[in-house]
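Novice: Below you'll find data.txt; it's compact mmCIF, C-alpha atoms.
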```
# COMPACT_ATOMS: atom_id res chain seq x y z
CA MET A 1 111.24 144.14 102.33
CA GLY A 2 109.96 147.68 101.99
CA LEU A 3 110.21 149.51 98.69
CA GLY A 4 112.92 152.18 98.51
CA ARG A 5 112.34 155.89 97.91
CA GLU A 6 113.06 156.83 94.29
CA GLY A 7 112.38 160.53 94.57
CA GLU A 8 110.85 163.15 96.80
CA ASP A 9 107.37 162.63 95.33
CA THR A 10 107.50 158.84 95.76
CA LEU A 11 105.84 157.52 98.90
CA PRO A 12 107.82 154.84 100.74
CA ALA A 13 105.95 151.56 101.09
CA GLY A 14 106.22 148.83 103.67
CA ARG A 15 104.74 145.40 103.35
CA VAL A 16 101.46 143.86 104.47
CA ILE A 17 101.36 140.42 106.08
CA PHE A 18 97.97 138.75 106.15
CA VAL A 19 97.93 136.65 109.32
CA SER A 20 95.27 133.99 109.80
CA ALA A 21 94.41 134.03 113.50
CA GLY A 22 92.36 130.84 113.54
CA PRO A 23 88.81 130.71 114.91
CA GLY A 24 88.43 131.75 118.51
CA ALA A 25 91.17 131.21 121.08
CA ALA A 26 94.46 133.05 120.64
CA ASP A 27 96.55 129.87 120.94
CA LEU A 28 95.17 128.56 117.63
CA ILE A 29 97.39 130.99 115.73
CA THR A 30 100.41 129.46 113.98
CA VAL A 31 104.00 130.01 115.08
CA ARG A 32 104.65 131.92 111.84
CA GLY A 33 101.62 134.10 112.48
CA ALA A 34 102.80 134.89 116.01
CA ARG A 35 106.23 135.86 114.68
CA ALA A 36 104.64 138.24 112.19
CA LEU A 37 102.65 139.92 114.98
CA ALA A 38 105.85 140.38 116.97
CA MET A 39 107.36 142.32 114.05
CA ALA A 40 104.27 144.45 113.36
CA ASP A 41 104.26 148.23 113.56
CA ILE A 42 100.48 148.31 113.16
CA VAL A 43 97.76 145.64 113.22
CA LEU A 44 94.44 145.97 111.42
CA ALA A 45 92.35 143.27 113.04
CA ASP A 46 89.00 141.64 112.36
CA ALA A 47 86.29 142.29 114.94
CA LEU A 48 86.24 138.65 116.08
CA ALA A 49 89.99 138.41 116.77
CA ASP A 50 90.80 137.36 120.34
CA PRO A 51 92.01 140.45 122.29
CA ALA A 52 94.68 138.22 123.87
CA LEU A 53 96.51 138.29 120.53
CA GLN A 54 97.54 141.86 121.33
CA ASP A 55 100.09 140.41 123.75
CA LEU A 56 101.92 138.97 120.72
CA ALA A 57 102.30 142.44 119.17
CA PRO A 58 103.75 144.51 122.02
CA ARG A 59 105.04 147.40 119.90
CA ALA A 60 102.18 147.68 117.41
CA ASN A 61 99.30 150.10 117.19
CA TRP A 62 96.12 147.97 117.16
CA THR A 63 93.02 148.92 115.20
CA TYR A 64 89.82 146.89 114.78
CA VAL A 65 88.39 147.24 111.29
CA GLY A 66 85.62 144.58 111.11
CA LYS A 67 84.07 142.61 109.58
CA ARG A 68 81.22 141.03 111.53
CA GLY A 69 78.29 139.43 109.75
CA PHE A 70 74.89 141.15 109.90
CA GLU A 71 76.27 143.98 112.05
CA HIS A 72 77.67 147.43 111.30
CA SER A 73 81.32 147.22 110.36
CA ALA A 74 83.82 148.97 108.16
CA LYS A 75 83.05 148.71 104.46
CA GLN A 76 85.48 146.72 102.36
CA ALA A 77 86.54 149.79 100.36
CA GLU A 78 87.40 151.55 103.63
CA ILE A 79 89.49 148.61 104.80
CA ASN A 80 91.33 148.51 101.48
CA ALA A 81 92.16 152.21 101.78
CA LEU A 82 93.33 151.80 105.39
CA LEU A 83 95.66 148.96 104.34
CA VAL A 84 97.28 151.04 101.60
CA GLN A 85 97.63 154.05 103.88
CA ALA A 86 99.13 151.95 106.69
CA ALA A 87 101.69 150.39 104.34
CA ARG A 88 102.80 153.85 103.25
CA GLU A 89 103.32 154.94 106.84
CA HIS A 90 104.78 151.78 108.42
CA ALA A 91 107.39 149.16 107.54
CA VAL A 92 105.39 146.10 108.65
CA VAL A 93 101.59 146.02 108.60
CA VAL A 94 99.70 142.96 109.82
CA ARG A 95 96.17 142.41 108.58
CA LEU A 96 94.80 139.98 111.15
CA LYS A 97 91.91 137.85 109.93
CA GLY A 98 89.89 135.22 111.77
CA GLY A 99 90.05 131.58 110.72
CA ASP A 100 92.04 131.12 107.54
CA ALA A 101 92.32 134.31 105.53
CA SER A 102 91.80 132.43 102.25
CA VAL A 103 88.45 130.95 103.30
CA PHE A 104 85.60 133.50 103.20
CA GLY A 105 87.99 136.19 104.43
CA ARG A 106 87.51 138.75 101.63
CA LEU A 107 91.21 138.25 100.95
CA GLU A 108 91.01 138.72 97.19
CA GLU A 109 89.76 142.31 97.38
CA GLU A 110 92.52 143.34 99.76
CA LEU A 111 95.27 141.63 97.75
CA GLN A 112 94.04 143.42 94.64
CA ALA A 113 94.06 146.80 96.39
CA LEU A 114 97.65 146.29 97.51
CA ALA A 115 98.79 145.07 94.10
CA GLU A 116 97.26 148.12 92.43
CA ALA A 117 99.14 150.35 94.88
CA GLY A 118 102.42 148.51 94.29
CA ILE A 119 102.64 147.24 97.86
CA ALA A 120 104.26 143.89 98.66
CA SER A 121 102.23 141.33 100.61
CA GLU A 122 102.44 137.88 102.16
CA VAL A 123 99.71 135.48 103.33
CA ILE A 124 100.16 133.20 106.36
CA PRO A 125 97.61 130.35 106.49
CA GLY A 126 95.71 129.25 109.56
CA VAL A 127 93.03 127.04 111.07
CA THR A 128 89.63 127.50 109.45
CA ALA A 129 86.35 127.15 111.35
CA ALA A 130 85.45 123.86 109.62
CA SER A 131 88.67 122.26 110.88
CA ALA A 132 88.15 123.62 114.39
CA ALA A 133 84.59 122.28 114.49
CA ALA A 134 85.72 118.86 113.27
CA ALA A 135 88.50 118.74 115.87
CA LEU A 136 86.24 119.83 118.73
CA THR A 137 83.65 117.16 117.97
CA GLN A 138 86.13 114.52 116.79
CA ARG A 139 84.20 114.17 113.53
CA PRO A 140 86.68 113.92 110.61
CA LEU A 141 85.48 115.84 107.58
CA THR A 142 86.80 113.12 105.26
CA ARG A 143 86.40 109.38 105.81
CA ARG A 144 88.18 106.55 104.07
CA GLY A 145 85.89 104.97 101.49
CA ARG A 146 82.79 107.04 102.27
CA GLY A 147 83.74 110.67 102.63
CA ARG A 148 86.00 111.50 99.72
CA ASN A 149 85.15 115.18 99.23
CA VAL A 150 84.20 118.26 101.23
CA SER A 151 82.49 121.47 100.12
CA LEU A 152 82.97 124.74 102.01
CA THR A 153 80.20 127.18 101.27
CA THR A 154 78.10 130.03 102.58
CA ALA A 155 74.36 129.64 102.63
CA MET A 156 73.69 133.31 102.00
CA THR A 157 74.77 134.97 98.75
CA ALA A 158 76.02 138.55 98.50
CA GLU A 159 72.54 139.50 97.29
CA GLY A 160 70.95 138.03 100.43
CA GLU A 161 69.55 134.91 98.73
CA LEU A 162 69.53 131.69 100.74
CA ARG A 163 70.97 128.81 98.70
CA ALA A 164 71.69 125.16 99.44
CA ALA A 165 73.05 122.32 97.35
CA LEU A 166 74.14 118.69 97.36
CA SER A 167 77.62 118.81 95.87
CA ALA A 168 79.84 116.70 98.15
CA ASP A 169 79.81 113.87 100.69
CA THR A 170 80.20 116.52 103.38
CA GLU A 171 78.92 120.09 103.08
CA VAL A 172 80.14 122.71 105.53
CA PHE A 173 78.13 125.92 105.67
CA TYR A 174 79.87 128.95 107.15
CA MET A 175 78.06 131.87 108.81
CA ALA A 176 75.03 129.63 109.25
CA GLY A 177 73.83 130.82 112.66
CA ARG A 178 70.96 132.95 111.37
CA GLN A 179 69.90 130.50 108.66
CA LEU A 180 69.45 127.39 110.81
CA ASP A 181 65.67 127.70 110.94
CA THR A 182 65.35 127.74 107.14
CA LEU A 183 68.31 125.72 105.83
CA GLY A 184 66.77 122.31 106.56
CA PRO A 185 63.95 122.54 103.98
CA LYS A 186 66.33 124.14 101.45
CA LEU A 187 68.80 121.27 101.79
CA GLN A 188 66.05 118.67 101.46
CA ALA A 189 64.76 120.41 98.36
CA ALA A 190 68.31 120.22 96.96
CA GLY A 191 68.29 116.43 97.32
CA TRP A 192 69.52 115.66 100.83
CA PRO A 193 67.33 113.03 102.61
CA ALA A 194 65.39 114.25 105.63
CA ASP A 195 67.31 111.88 107.93
CA THR A 196 70.74 113.18 106.86
CA PRO A 197 72.89 113.89 109.94
CA ALA A 198 73.66 117.52 110.67
CA LEU A 199 76.10 118.94 113.20
CA VAL A 200 76.09 122.57 114.35
CA VAL A 201 79.08 124.13 116.11
CA SER A 202 78.99 127.75 117.22
CA ARG A 203 82.08 129.71 118.28
CA ALA A 204 84.31 126.80 117.29
CA GLY A 205 87.74 127.13 118.87
CA CYS A 206 86.44 129.19 121.81
CA ALA A 207 86.01 128.12 125.43
CA ASP A 208 82.24 128.68 125.17
CA ALA A 209 81.77 126.65 121.97
CA ARG A 210 78.42 124.88 121.63
CA THR A 211 77.59 121.78 119.64
CA SER A 212 74.34 120.07 118.75
CA GLU A 213 73.35 117.10 116.58
CA HIS A 214 70.26 116.92 114.40
CA LYS A 215 68.62 115.39 111.38
CA LEU A 216 67.84 117.76 108.55
CA ARG A 217 64.13 117.37 109.23
CA ASN A 218 64.57 119.02 112.65
CA LEU A 219 67.54 121.30 111.98
CA ALA A 220 65.40 124.31 112.89
CA ASP A 221 65.65 123.18 116.53
CA ALA A 222 69.26 124.37 116.51
CA ALA A 223 68.29 128.00 115.95
CA ALA A 224 67.41 128.68 119.58
CA LEU A 225 70.69 127.23 120.85
CA HIS A 226 73.05 128.86 118.36
CA GLY A 227 71.18 131.96 117.23
CA GLY A 228 73.26 135.15 117.15
CA ARG A 229 76.55 133.22 117.43
CA PRO A 230 79.08 132.57 114.65
CA ALA A 231 78.28 129.00 113.59
CA VAL A 232 79.18 126.35 111.06
CA LEU A 233 76.81 123.64 109.91
CA ILE A 234 78.25 120.28 108.86
CA VAL A 235 75.94 118.10 106.77
CA GLY A 236 76.46 114.54 105.57
CA THR A 237 79.29 112.10 106.23
CA GLY A 238 81.39 114.55 108.25
CA ALA A 239 78.56 114.98 110.76
CA LEU A 240 78.61 111.28 111.70
CA PRO A 241 80.39 110.08 114.85
CA ALA A 242 83.68 108.31 114.26
CA SER A 243 83.22 104.52 114.41
CA ASN A 244 85.94 104.23 117.05
CA LYS A 245 86.58 107.20 119.26
CA ILE A 246 89.84 107.31 121.21
CA VAL A 247 89.42 108.94 124.60
CA VAL A 248 92.48 110.65 126.10
CA SER A 249 92.19 111.41 129.79
CA PRO A 250 95.39 112.54 131.54
CA GLU A 251 93.73 112.06 134.92
CA SER A 252 92.50 108.50 134.38
CA GLY A 253 95.57 106.77 132.94
CA PRO A 254 96.01 105.04 129.58
CA LEU A 255 94.09 105.55 126.34
CA THR A 256 90.78 103.77 125.93
CA SER A 257 88.76 103.04 122.81
CA GLN A 258 85.00 103.44 122.82
CA SER A 259 83.06 101.79 120.03
CA ARG A 260 80.46 104.08 118.43
CA SER A 261 77.65 102.67 116.32
```
Would you mind giving the structure from this file in structure tokens?

Specialist:
Amino acid sequence: MGLGREGEDTLPAGRVIFVSAGPGAADLITVRGARALAMADIVLADALADPALQDLAPRANWTYVGKRGFEHSAKQAEINALLVQAAREHAVVVRLKGGDASVFGRLEEELQALAEAGIASEVIPGVTAASAAAALTQRPLTRRGRGRNVSLTTAMTAEGELRAALSADTEVFYMAGRQLDTLGPKLQAAGWPADTPALVVSRAGCADARTSEHKLRNLADAAALHGGRPAVLIVGTGALPASNKIVVSPESGPLTSQSRS
């Protein structure tokens, strides 16, 4: 769906497909996302994208452009410029983002840059880190009758200020790995009781994912286990164990139900 050439001074433009890679393992990408990679002439990928995804884009040039929290990475303005340039040089450009591109993926800035340049774009959704963490731990983010809403937030503002709030039955904090030692008191000051359950999952969706359970009063204990790793913090109803957990074991026969209190 590239734009046609109208004159010698008009640059041809391809299209940009934003593909949500999911958090961690390559097989969490959607079928539609995999198809887009197969069509790509060039892929501009986030730093945390699984290298195995390159196998899905056999004819594409592959460039890592960031971003990685708290570490040196390409500035957003540079990424925007690379996207526009790539679309003017290639028919199909894939911008590969971790998790779901629409959730803390700086998607708005890149869509705006393309729109201003007159370049067509498409967004393919994916698995976000909160969903991957809930699936790994079998802790549903919503619960019938007691967990009716979920808030997705970042603890750190763009200005570097640490903020916490009580705004939903379940709060999920993204990019929380380096704030675990200080978030507990902030959350309690915002109105969460000290014995509120908290669940930390780092590198959700990866083979080396780690999980730990805490109360807010001792959330700082999680810092040593998860420090330096991409982590989400789930606070409130969604951090509770499911009341009945179904265990599926292909090696041991039929399904069993374990009561959890």

Novice: If you measure from atom CA of Ala224 of chain A to atom CA of Val127 of chain A, what distance in Å do you get, rounded to one decimal?

Specialist: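 Interatomic distance here is 27.0 Å.
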
Novice: In the coordinates of the file, take the point (86.2, 139.1, 116.3) and a cut-off of 9 Å; then, counting all atoms listed in the file, name each qualifying protein, DNA or RNA residue as a PDB file with C-alpha atoms, in the frame of the given file.

Specialist:
```pdb
ATOM      1  CA  PRO A  23      88.810 130.710 114.910  1.00  0.00           C
ATOM      2  CA  GLY A  24      88.430 131.750 118.510  1.00  0.00           C
ATOM      3  CA  ALA A  45      92.350 143.270 113.040  1.00  0.00           C
ATOM      4  CA  ASP A  46      89.000 141.640 112.360  1.00  0.00           C
ATOM      5  CA  ALA A  47      86.290 142.290 114.940  1.00  0.00           C
ATOM      6  CA  LEU A  48      86.240 138.650 116.080  1.00  0.00           C
ATOM      7  CA  ALA A  49      89.990 138.410 116.770  1.00  0.00           C
ATOM      8  CA  ASP A  50      90.800 137.360 120.340  1.00  0.00           C
ATOM      9  CA  PRO A  51      92.010 140.450 122.290  1.00  0.00           C
ATOM     10  CA  TYR A  64      89.820 146.890 114.780  1.00  0.00           C
ATOM     11  CA  GLY A  66      85.620 144.580 111.110  1.00  0.00           C
ATOM     12  CA  LYS A  67      84.070 142.610 109.580  1.00  0.00           C
ATOM     13  CA  ARG A  68      81.220 141.030 111.530  1.00  0.00           C
ATOM     14  CA  LYS A  97      91.910 137.850 109.930  1.00  0.00           C
ATOM     15  CA  GLY A  98      89.890 135.220 111.770  1.00  0.00           C
TER      16      GLY A  98
END
```

Novice: I need the residue nearest Glu110 of chain A from this list: A:Ile17, A:Ala34, A:Ile42, A:Leu180. Use all atoms listed in the file for the distance.

Specialist: A:Ile17

Novice: If you measure from atom CA of Arg59 of chain A to atom CA of Leu37 of chain A, what distance in Å do you get, rounded to one decimal?

Specialist: 9.3 Å

Novice: Would you pick out the contacts of Val232 of chain A at 9 Å or less, using only C-alpha atoms, so that residues sharing its chain but fewer than 3 positions from it are not included, and give the list as a list of chain:residue names?

Specialist: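 So, after excluding close chain neighbours, the residues are A:Ala129, A:Ala130, A:Ala133, A:Val172, A:Phe173, A:Tyr174, A:Met175, A:Ala176, A:Gly177, A:Leu199, A:Val200, A:Val201, A:Ser202, A:Arg203, A:Ala204.
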
Novice: When you count only C-alpha atoms, which of these residues is closest to Leu111 of chain A: A:Lys215, A:Arg15, A:His226, A:Lys75?

Specialist: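 Looking at the shortest contact to Leu111 of chain A, the residue is A:Arg15.
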
Novice: Out of A:Ala222, A:Val150, A:Val94, A:Val123, which residue has the shortest atom-to-atom distance to Ser167 of chain A when counting only C-alpha atoms?

Specialist: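 Answer, going by the shortest atom-to-atom distance: A:Val150.
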
Novice: Let me have the centre and edge lengths of the axis-aligned box enclosing all listed atoms of segment 139-155 of chain A with 5 Å padding on every side, in Å to one decimal, as JSON.

Specialist:
```
{"center_x": 81.3, "center_y": 117.5, "center_z": 106.4, "size_x": 23.8, "size_y": 35.1, "size_z": 24.3}
```

Novice: Which residue out of A:Val65, A:Ala21, A:Leu233, A:Leu28 has the minimum interatomic distance to Ser212 of chain A when all atoms listed in the file are used?

Specialist: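 Residue with the minimum atom-to-atom distance to Ser212 of chain A: A:Leu233.
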
Novice: Please report the interatomic distance between atom CA of Ala25 of chain A and atom CA of Ala198 of chain A in Å with one decimal.

Specialist: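 Interatomic distance here is 24.5 Å.
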
Novice: With distances taken over only C-alpha atoms, which of A:Ile119, A:Glu89, A:Val84, A:Thr153 is nearest to Phe104 of chain A?

Specialist: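 Closest to Phe104 of chain A of all the choices is A:Thr153.
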
Novice: Using all atoms listed in the file, which residue out of A:Ala242, A:Thr237, A:Leu107, A:Met39 lies closest to Thr142 of chain A?

Specialist: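 Among A:Ala242, A:Thr237, A:Leu107, A:Met39, it is A:Thr237 that comes nearest to Thr142 of chain A.
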
Novice: Which residues are near Ala38 of chain A? Cut-off 10 Å, all atoms listed in the file, ignore same chain within fewer than 2 positions. Put them as a list in words.

Specialist: Arg32, Gly33, Ala34, Arg35, Ala36, Ala40, Asp41, Gln54, Asp55, Leu56, Ala57, Pro58, Arg59, Ala60 and Val94 of chain A

Novice: Mind listing whatever residues come within 7 Å of the point (97.1, 151.0, 111.9)? Use all atoms listed in the file, file coordinates, and give them as a list in words.

Specialist: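 Those within range, by chain then number, are Ile42, Val43, Leu44, Asn61, Trp62, Thr63 and Ala86 of chain A.
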
Novice: Using the structure just given, write a file holding all heavy atoms for segment 94-106 of chain A, as an mmCIF file, in the first residue's frame.

Specialist:
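Result went into selection_16.cif, see below:
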```cif
data_model
loop_
_atom_site.group_PDB
_atom_site.id
_atom_site.type_symbol
_atom_site.label_atom_id
_atom_site.label_comp_id
_atom_site.auth_asym_id
_atom_site.auth_seq_id
_atom_site.Cartn_x
_atom_site.Cartn_y
_atom_site.Cartn_z
ATOM 1 N N VAL A 94 8.924 -2.749 9.251
ATOM 2 C CA VAL A 94 8.341 -3.219 10.513
ATOM 3 C C VAL A 94 9.055 -2.550 11.670
ATOM 4 O O VAL A 94 10.283 -2.582 11.758
ATOM 5 C CB VAL A 94 8.433 -4.754 10.652
ATOM 6 C CG1 VAL A 94 8.178 -5.183 12.102
ATOM 7 C CG2 VAL A 94 7.423 -5.437 9.747
ATOM 8 N N ARG A 95 8.279 -1.910 12.514
ATOM 9 C CA ARG A 95 8.794 -1.370 13.778
ATOM 10 C C ARG A 95 8.383 -2.359 14.856
ATOM 11 O O ARG A 95 7.219 -2.453 15.228
ATOM 12 C CB ARG A 95 8.194 0.021 14.036
ATOM 13 C CG ARG A 95 8.580 0.604 15.397
ATOM 14 C CD ARG A 95 10.058 0.963 15.444
ATOM 15 N NE ARG A 95 10.351 1.686 16.689
ATOM 16 C CZ ARG A 95 10.904 1.129 17.772
ATOM 17 N NH1 ARG A 95 11.235 -0.169 17.758
ATOM 18 N NH2 ARG A 95 11.144 1.846 18.840
ATOM 19 N N LEU A 96 9.357 -3.125 15.327
ATOM 20 C CA LEU A 96 9.095 -4.211 16.270
ATOM 21 C C LEU A 96 9.254 -3.713 17.694
ATOM 22 O O LEU A 96 10.335 -3.272 18.096
ATOM 23 C CB LEU A 96 10.056 -5.368 15.996
ATOM 24 C CG LEU A 96 9.811 -6.661 16.773
ATOM 25 C CD1 LEU A 96 8.491 -7.305 16.350
ATOM 26 C CD2 LEU A 96 10.960 -7.646 16.552
ATOM 27 N N LYS A 97 8.156 -3.786 18.451
ATOM 28 C CA LYS A 97 8.163 -3.299 19.826
ATOM 29 C C LYS A 97 7.853 -4.439 20.791
ATOM 30 O O LYS A 97 7.035 -5.318 20.489
ATOM 31 C CB LYS A 97 7.126 -2.184 20.012
ATOM 32 C CG LYS A 97 7.497 -0.872 19.325
ATOM 33 C CD LYS A 97 6.392 0.153 19.492
ATOM 34 C CE LYS A 97 6.828 1.530 18.997
ATOM 35 N NZ LYS A 97 7.785 2.182 19.907
ATOM 36 N N GLY A 98 8.476 -4.415 21.964
ATOM 37 C CA GLY A 98 8.203 -5.429 22.968
ATOM 38 C C GLY A 98 6.826 -5.261 23.573
ATOM 39 O O GLY A 98 6.236 -4.184 23.556
ATOM 40 N N GLY A 99 6.291 -6.352 24.116
ATOM 41 C CA GLY A 99 4.974 -6.305 24.746
ATOM 42 C C GLY A 99 3.905 -5.934 23.744
ATOM 43 O O GLY A 99 3.880 -6.415 22.614
ATOM 44 N N ASP A 100 2.991 -5.061 24.163
ATOM 45 C CA ASP A 100 2.006 -4.490 23.256
ATOM 46 C C ASP A 100 2.423 -3.061 22.963
ATOM 47 O O ASP A 100 2.648 -2.264 23.888
ATOM 48 C CB ASP A 100 0.612 -4.516 23.881
ATOM 49 C CG ASP A 100 -0.445 -3.987 22.927
ATOM 50 O OD1 ASP A 100 -0.534 -2.762 22.738
ATOM 51 O OD2 ASP A 100 -1.188 -4.803 22.361
ATOM 52 N N ALA A 101 2.501 -2.728 21.687
ATOM 53 C CA ALA A 101 3.021 -1.418 21.292
ATOM 54 C C ALA A 101 2.233 -0.265 21.889
ATOM 55 O O ALA A 101 2.777 0.823 22.097
ATOM 56 C CB ALA A 101 3.024 -1.305 19.771
ATOM 57 N N SER A 102 0.946 -0.486 22.178
ATOM 58 C CA SER A 102 0.097 0.585 22.681
ATOM 59 C C SER A 102 0.206 0.802 24.177
ATOM 60 O O SER A 102 -0.413 1.724 24.714
ATOM 61 C CB SER A 102 -1.376 0.287 22.321
ATOM 62 O OG SER A 102 -1.558 0.254 20.926
ATOM 63 N N VAL A 103 0.959 -0.043 24.868
ATOM 64 C CA VAL A 103 1.082 0.054 26.325
ATOM 65 C C VAL A 103 2.521 0.423 26.674
ATOM 66 O O VAL A 103 3.422 -0.413 26.596
ATOM 67 C CB VAL A 103 0.680 -1.266 27.016
ATOM 68 C CG1 VAL A 103 0.802 -1.128 28.538
ATOM 69 C CG2 VAL A 103 -0.738 -1.672 26.631
ATOM 70 N N PHE A 104 2.743 1.685 27.013
ATOM 71 C CA PHE A 104 4.065 2.200 27.380
ATOM 72 C C PHE A 104 5.118 1.904 26.313
ATOM 73 O O PHE A 104 6.270 1.589 26.621
ATOM 74 C CB PHE A 104 4.502 1.648 28.747
ATOM 75 C CG PHE A 104 3.517 1.928 29.838
ATOM 76 C CD1 PHE A 104 2.920 0.895 30.539
ATOM 77 C CD2 PHE A 104 3.156 3.225 30.155
ATOM 78 C CE1 PHE A 104 1.992 1.155 31.536
ATOM 79 C CE2 PHE A 104 2.224 3.492 31.144
ATOM 80 C CZ PHE A 104 1.642 2.456 31.839
ATOM 81 N N GLY A 105 4.707 1.991 25.053
ATOM 82 C CA GLY A 105 5.624 1.697 23.952
ATOM 83 C C GLY A 105 6.051 2.912 23.159
ATOM 84 O O GLY A 105 6.637 2.755 22.090
ATOM 85 N N ARG A 106 5.755 4.121 23.671
ATOM 86 C CA ARG A 106 6.081 5.363 22.950
ATOM 87 C C ARG A 106 5.501 5.342 21.540
ATOM 88 O O ARG A 106 6.069 5.909 20.590
ATOM 89 C CB ARG A 106 7.606 5.562 22.890
ATOM 90 C CG ARG A 106 8.304 5.586 24.237
ATOM 91 C CD ARG A 106 7.959 6.793 25.081
ATOM 92 N NE ARG A 106 8.494 8.017 24.561
ATOM 93 C CZ ARG A 106 9.715 8.505 24.876
ATOM 94 N NH1 ARG A 106 10.493 7.831 25.714
ATOM 95 N NH2 ARG A 106 10.130 9.642 24.373
#
```
